[in-house]
Amino acid sequence: MRHKFNFYMICFLSFTVFTACDKRENYDEGLEPVLNVITSLQGNGTKATINDLQGTINLVLPPRTDITTVELNIEAPQGVEINPSSGTTLDLSEREMITVKFGSSTRNYQLITKVLPSKIGFLGEAETYEELLATADDDIVAAAQWVQETYSEDFEYLNAAEVSFEDLQSVNVVVFYYDQVGTSQLPSVFTEGRNKSAFIEYMVEGGKMVLGGMATSFAATIGRDQSGLQTIKGNGEGFSSPDTWAVDGGVNFVTSKLGHPIYTFNQGLIEFDENGYIPVIDAGFREDHNNLWDASSLLTPGNQPGQFGEFERLYNGVVLGVWSGVADECCPGIIEFKPNPPYNGTMIAIGIGGIEWNMNDGRTNEYRSNVEGIYKNAIDYLSTL
C-alpha cells in the first residue's frame, strides 16, 4: 500500500512489505521499491548527498581534489546492480549517470560533482593587506597575520569596498574579524551598498564565514541573525586583571557542545583546565570587548537552563560557547548559524571578549594557542561543508 507524506522515503514495515511515502514527479509506479534508494555513495572517501525525490546525487569534494580521478564507493540493497560498479575510478569533470537495476527495472541518478575552492579570505576595510597591517586596530592586524601565516598558500585579502559576489565564489571560507575602541558599530563599508549585497548572495548560495569580535554583528547586518538579541557589547579602553578567563563549551549546558568540531576538528589544538573549561587569556591587561547575545527573553523571564535549545529552535543557531562559570544559559558567546532558508550557508560567530588576538601590555598570552585553536577548528570545519 502507498501513502502520501511530505518527504519520499522507503519504510520497511515487514520482511516482505515496502511502503513508499510521497508521490514524486519522477516516480515510476512500475519500479521495484528497492530501486528508489542508493544507500550511500562516497567519492575518495567523501560522502555524497542523495536525493531520491529528484534522482540526483551531489558530491562535494575537498579543495585540490583531482576531479578526473575519483574512486566511487557505492552501496545499495542486496540484489541491486549498479553501473558503474563500486570501486570504479572516474573522471567526474562532467555529470555522470549512475544506473541501478533490479530485475527488469532500471533507474538513473545524475551524479553532480564539484570541488570546493581552496581560498581562505580575510575581509578588511583597507584597500590592501599591507595597508591593513599598517593602519588597522592591533587585534585586527594580529588576527589577519595569523590567518595569512596559517593559510599562506590559500590566503586572499578581501577589500570590503571592492569585493563582489563573483570574487566570493572562489573563496571557501571568509574570515571577518573587527575590533575598535569607543563603538561596537561596524563601519558603513561593511553594512551598506553592493558589498553587503554580495555577502547576502554569498550566504544565500551556501557561503561560509567565521565572524570574530565586533564582526559578529555582521550576521544580523546581512539578515541571517534575526534574533535581535545581540545586545551585550563592550568597546572600552580595557583594564588589568589578575584572573585567567576561560570559555565553557558545555560543562554547564543542558546539552554539551564539547564534541562540536570547533573544539575537536583538529585533535590536540584545544587544552582544557581542571574544570573542563578552555582558558583564553591570562593575567594582565585585556580590552574585554564582548559581543554577546542575551537569551533571557526566550523562555519565562530571567536566565535559566534550556534557553540555548530555544535559541536553536527559533533561529537555527547552535550555541557553542559562553563565559566559563555561567550556569544559567544566559548569554551565548559563540554561535554556529546553520543553514536557514533562504540562507544555505553557515556562519560561526565568536563574540566572547576574552578571545583577544593581541595583548596591549606587550606580554605573550599564555593561552594564545587556544584562541588560535578555536579559530582554526572553525575555519577547517567550515572548509569541508
# chains A, B, ... in the order shown; residues from 1 in each chain; ligands from 1

call {"tool": "residues_around", "arguments": {"residues": "Asn290 (chain A)", "least_positions_apart": "3", "cutoff": "6 Å", "atoms": "only C-alpha atoms", "output": "ChimeraX atom specification"}}
result
/A:233-234,351-353

call {"tool": "residues_around", "arguments": {"residues": "region 113-115 of chain A", "least_positions_apart": "3", "cutoff": "6 Å", "atoms": "only C-alpha atoms", "output": "list in words"}}
result
Asn58, Leu59, Val60, Leu61, Pro62 and Pro63 of chain A

call {"tool": "closest_atom_pairs", "arguments": {"of": "region 84-128 of chain A", "to": "region 212-217 of chain A", "cutoff": "12 Å", "atoms": "only C-alpha atoms", "output": "JSON lines"}}
result
{"residue": "A:Phe122", "atom": "CA", "partner": "A:Gly212", "partner_atom": "CA", "distance": 11.3}
{"residue": "A:Leu123", "atom": "CA", "partner": "A:Ala215", "partner_atom": "CA", "distance": 10.1}
{"residue": "A:Gly124", "atom": "CA", "partner": "A:Ala215", "partner_atom": "CA", "distance": 10.4}
{"residue": "A:Glu125", "atom": "CA", "partner": "A:Ala215", "partner_atom": "CA", "distance": 11.9}

call {"tool": "write_last_selection", "arguments": {"atoms": "N, CA, C and O atoms", "output": "CSV table (one decimal), in the first residue's frame"}}
result
chain,number,residue,atom,x,y,z
A,122,PHE,N,40.4,36.9,4.1
A,122,PHE,CA,40.3,37.8,5.2
A,122,PHE,C,39.7,39.1,4.8
A,122,PHE,O,40.3,39.8,3.9
A,123,LEU,N,38.6,39.5,5.4
A,123,LEU,CA,37.8,40.7,5.0
A,123,LEU,C,38.3,41.9,5.8
A,123,LEU,O,38.3,41.9,7.1
A,124,GLY,N,38.6,43.0,5.2
A,124,GLY,CA,39.0,44.2,5.9
A,124,GLY,C,38.6,45.5,5.1
A,124,GLY,O,38.2,45.4,4.0
A,125,GLU,N,38.7,46.6,5.8
A,125,GLU,CA,38.3,47.9,5.2
A,125,GLU,C,39.4,48.6,4.5
A,125,GLU,O,39.1,49.6,3.8

call {"tool": "closest_residue", "arguments": {"among": "A:Ala349, A:Ala378, A:Phe199, A:Thr135", "to": "Tyr177 (chain A)", "atoms": "only C-alpha atoms"}}
result
A:Ala349

call {"tool": "residues_around", "arguments": {"residues": "Phe311 (chain A)", "least_positions_apart": "2", "cutoff": "12 Å", "atoms": "only C-alpha atoms", "output": "ChimeraX atom specification"}}
result
/A:225-229,293-299,305-309,313-320,329-332,335-337

call {"tool": "decode", "arguments": {"residues": "region 314-329 of chain A", "atoms": "all heavy atoms", "output": "short mmCIF file (atom, residue, chain, number, x, y, z; two decimals), in the first residue's frame"}}
result
data_model
loop_
_atom_site.label_atom_id
_atom_site.label_comp_id
_atom_site.auth_asym_id
_atom_site.auth_seq_id
_atom_site.Cartn_x
_atom_site.Cartn_y
_atom_site.Cartn_z
N LEU A 314 14.38 28.42 17.46
CA LEU A 314 13.82 29.61 16.83
C LEU A 314 14.66 30.11 15.65
O LEU A 314 14.11 30.56 14.64
CB LEU A 314 13.68 30.72 17.86
CG LEU A 314 12.63 30.52 18.95
CD1 LEU A 314 12.78 31.61 20.02
CD2 LEU A 314 11.24 30.53 18.36
N TYR A 315 16.00 30.04 15.79
CA TYR A 315 16.86 30.71 14.83
C TYR A 315 17.86 29.79 14.14
O TYR A 315 18.68 30.26 13.35
CB TYR A 315 17.62 31.85 15.53
CG TYR A 315 16.69 32.79 16.27
CD1 TYR A 315 16.70 32.85 17.68
CD2 TYR A 315 15.78 33.58 15.59
CE1 TYR A 315 15.84 33.70 18.36
CE2 TYR A 315 14.91 34.42 16.27
CZ TYR A 315 14.95 34.47 17.66
OH TYR A 315 14.09 35.30 18.34
N ASN A 316 17.80 28.51 14.42
CA ASN A 316 18.75 27.54 13.89
C ASN A 316 20.18 28.00 14.14
O ASN A 316 21.06 27.87 13.29
CB ASN A 316 18.54 27.28 12.39
CG ASN A 316 19.00 25.88 11.99
OD1 ASN A 316 19.12 25.00 12.83
ND2 ASN A 316 19.25 25.68 10.72
N GLY A 317 20.38 28.53 15.34
CA GLY A 317 21.70 28.95 15.78
C GLY A 317 22.12 28.10 16.97
O GLY A 317 21.47 28.14 18.03
N VAL A 318 23.18 27.32 16.82
CA VAL A 318 23.62 26.40 17.87
C VAL A 318 24.62 27.13 18.76
O VAL A 318 25.68 27.56 18.30
CB VAL A 318 24.27 25.14 17.26
CG1 VAL A 318 24.67 24.18 18.37
CG2 VAL A 318 23.30 24.47 16.29
N VAL A 319 24.29 27.26 20.04
CA VAL A 319 25.19 27.93 20.98
C VAL A 319 26.33 26.98 21.32
O VAL A 319 26.12 25.89 21.85
CB VAL A 319 24.44 28.36 22.25
CG1 VAL A 319 25.41 29.01 23.24
CG2 VAL A 319 23.31 29.33 21.90
N LEU A 320 27.56 27.43 21.05
CA LEU A 320 28.74 26.58 21.22
C LEU A 320 29.60 27.00 22.41
O LEU A 320 30.41 26.20 22.88
CB LEU A 320 29.60 26.62 19.96
CG LEU A 320 28.93 26.20 18.66
CD1 LEU A 320 29.91 26.34 17.50
CD2 LEU A 320 28.41 24.78 18.75
N GLY A 321 29.46 28.23 22.89
CA GLY A 321 30.34 28.67 23.95
C GLY A 321 29.80 29.86 24.71
O GLY A 321 29.06 30.70 24.17
N VAL A 322 30.17 29.93 26.00
CA VAL A 322 29.84 31.06 26.88
C VAL A 322 31.05 31.32 27.77
O VAL A 322 32.03 30.57 27.77
CB VAL A 322 28.61 30.76 27.76
CG1 VAL A 322 27.38 30.49 26.92
CG2 VAL A 322 28.88 29.57 28.68
N TRP A 323 30.97 32.38 28.55
CA TRP A 323 31.97 32.59 29.58
C TRP A 323 31.95 31.43 30.56
O TRP A 323 30.88 30.94 30.93
CB TRP A 323 31.70 33.88 30.33
CG TRP A 323 32.14 35.12 29.64
CD1 TRP A 323 31.35 36.06 29.04
CD2 TRP A 323 33.49 35.58 29.49
NE1 TRP A 323 32.12 37.07 28.52
CE2 TRP A 323 33.44 36.81 28.78
CE3 TRP A 323 34.73 35.08 29.87
CZ2 TRP A 323 34.58 37.53 28.46
CZ3 TRP A 323 35.87 35.80 29.55
CH2 TRP A 323 35.80 37.02 28.85
N SER A 324 33.10 30.98 31.00
CA SER A 324 33.14 29.87 31.95
C SER A 324 32.47 30.27 33.27
O SER A 324 32.52 31.43 33.67
CB SER A 324 34.59 29.46 32.23
OG SER A 324 35.29 30.52 32.85
N GLY A 325 31.83 29.29 33.89
CA GLY A 325 31.19 29.53 35.18
C GLY A 325 29.76 30.02 35.08
O GLY A 325 29.06 30.08 36.09
N VAL A 326 29.30 30.39 33.88
CA VAL A 326 27.92 30.83 33.70
C VAL A 326 27.03 29.59 33.63
O VAL A 326 27.13 28.80 32.70
CB VAL A 326 27.76 31.68 32.43
CG1 VAL A 326 26.29 32.04 32.22
CG2 VAL A 326 28.62 32.93 32.53
N ALA A 327 26.16 29.43 34.64
CA ALA A 327 25.43 28.17 34.77
C ALA A 327 23.97 28.25 34.34
O ALA A 327 23.26 27.25 34.40
CB ALA A 327 25.50 27.69 36.22
N ASP A 328 23.51 29.42 33.89
CA ASP A 328 22.07 29.55 33.63
C ASP A 328 21.72 29.75 32.16
O ASP A 328 20.60 30.12 31.83
CB ASP A 328 21.49 30.70 34.45
CG ASP A 328 22.23 32.02 34.23
OD1 ASP A 328 23.01 32.09 33.26
OD2 ASP A 328 22.03 32.96 35.01
N GLU A 329 22.66 29.51 31.25
CA GLU A 329 22.42 29.66 29.82
C GLU A 329 21.89 31.05 29.48
O GLU A 329 20.97 31.21 28.68
CB GLU A 329 21.46 28.57 29.30
CG GLU A 329 22.03 27.17 29.44
CD GLU A 329 21.38 26.13 28.53
OE1 GLU A 329 20.38 26.45 27.85
OE2 GLU A 329 21.90 25.00 28.47
#
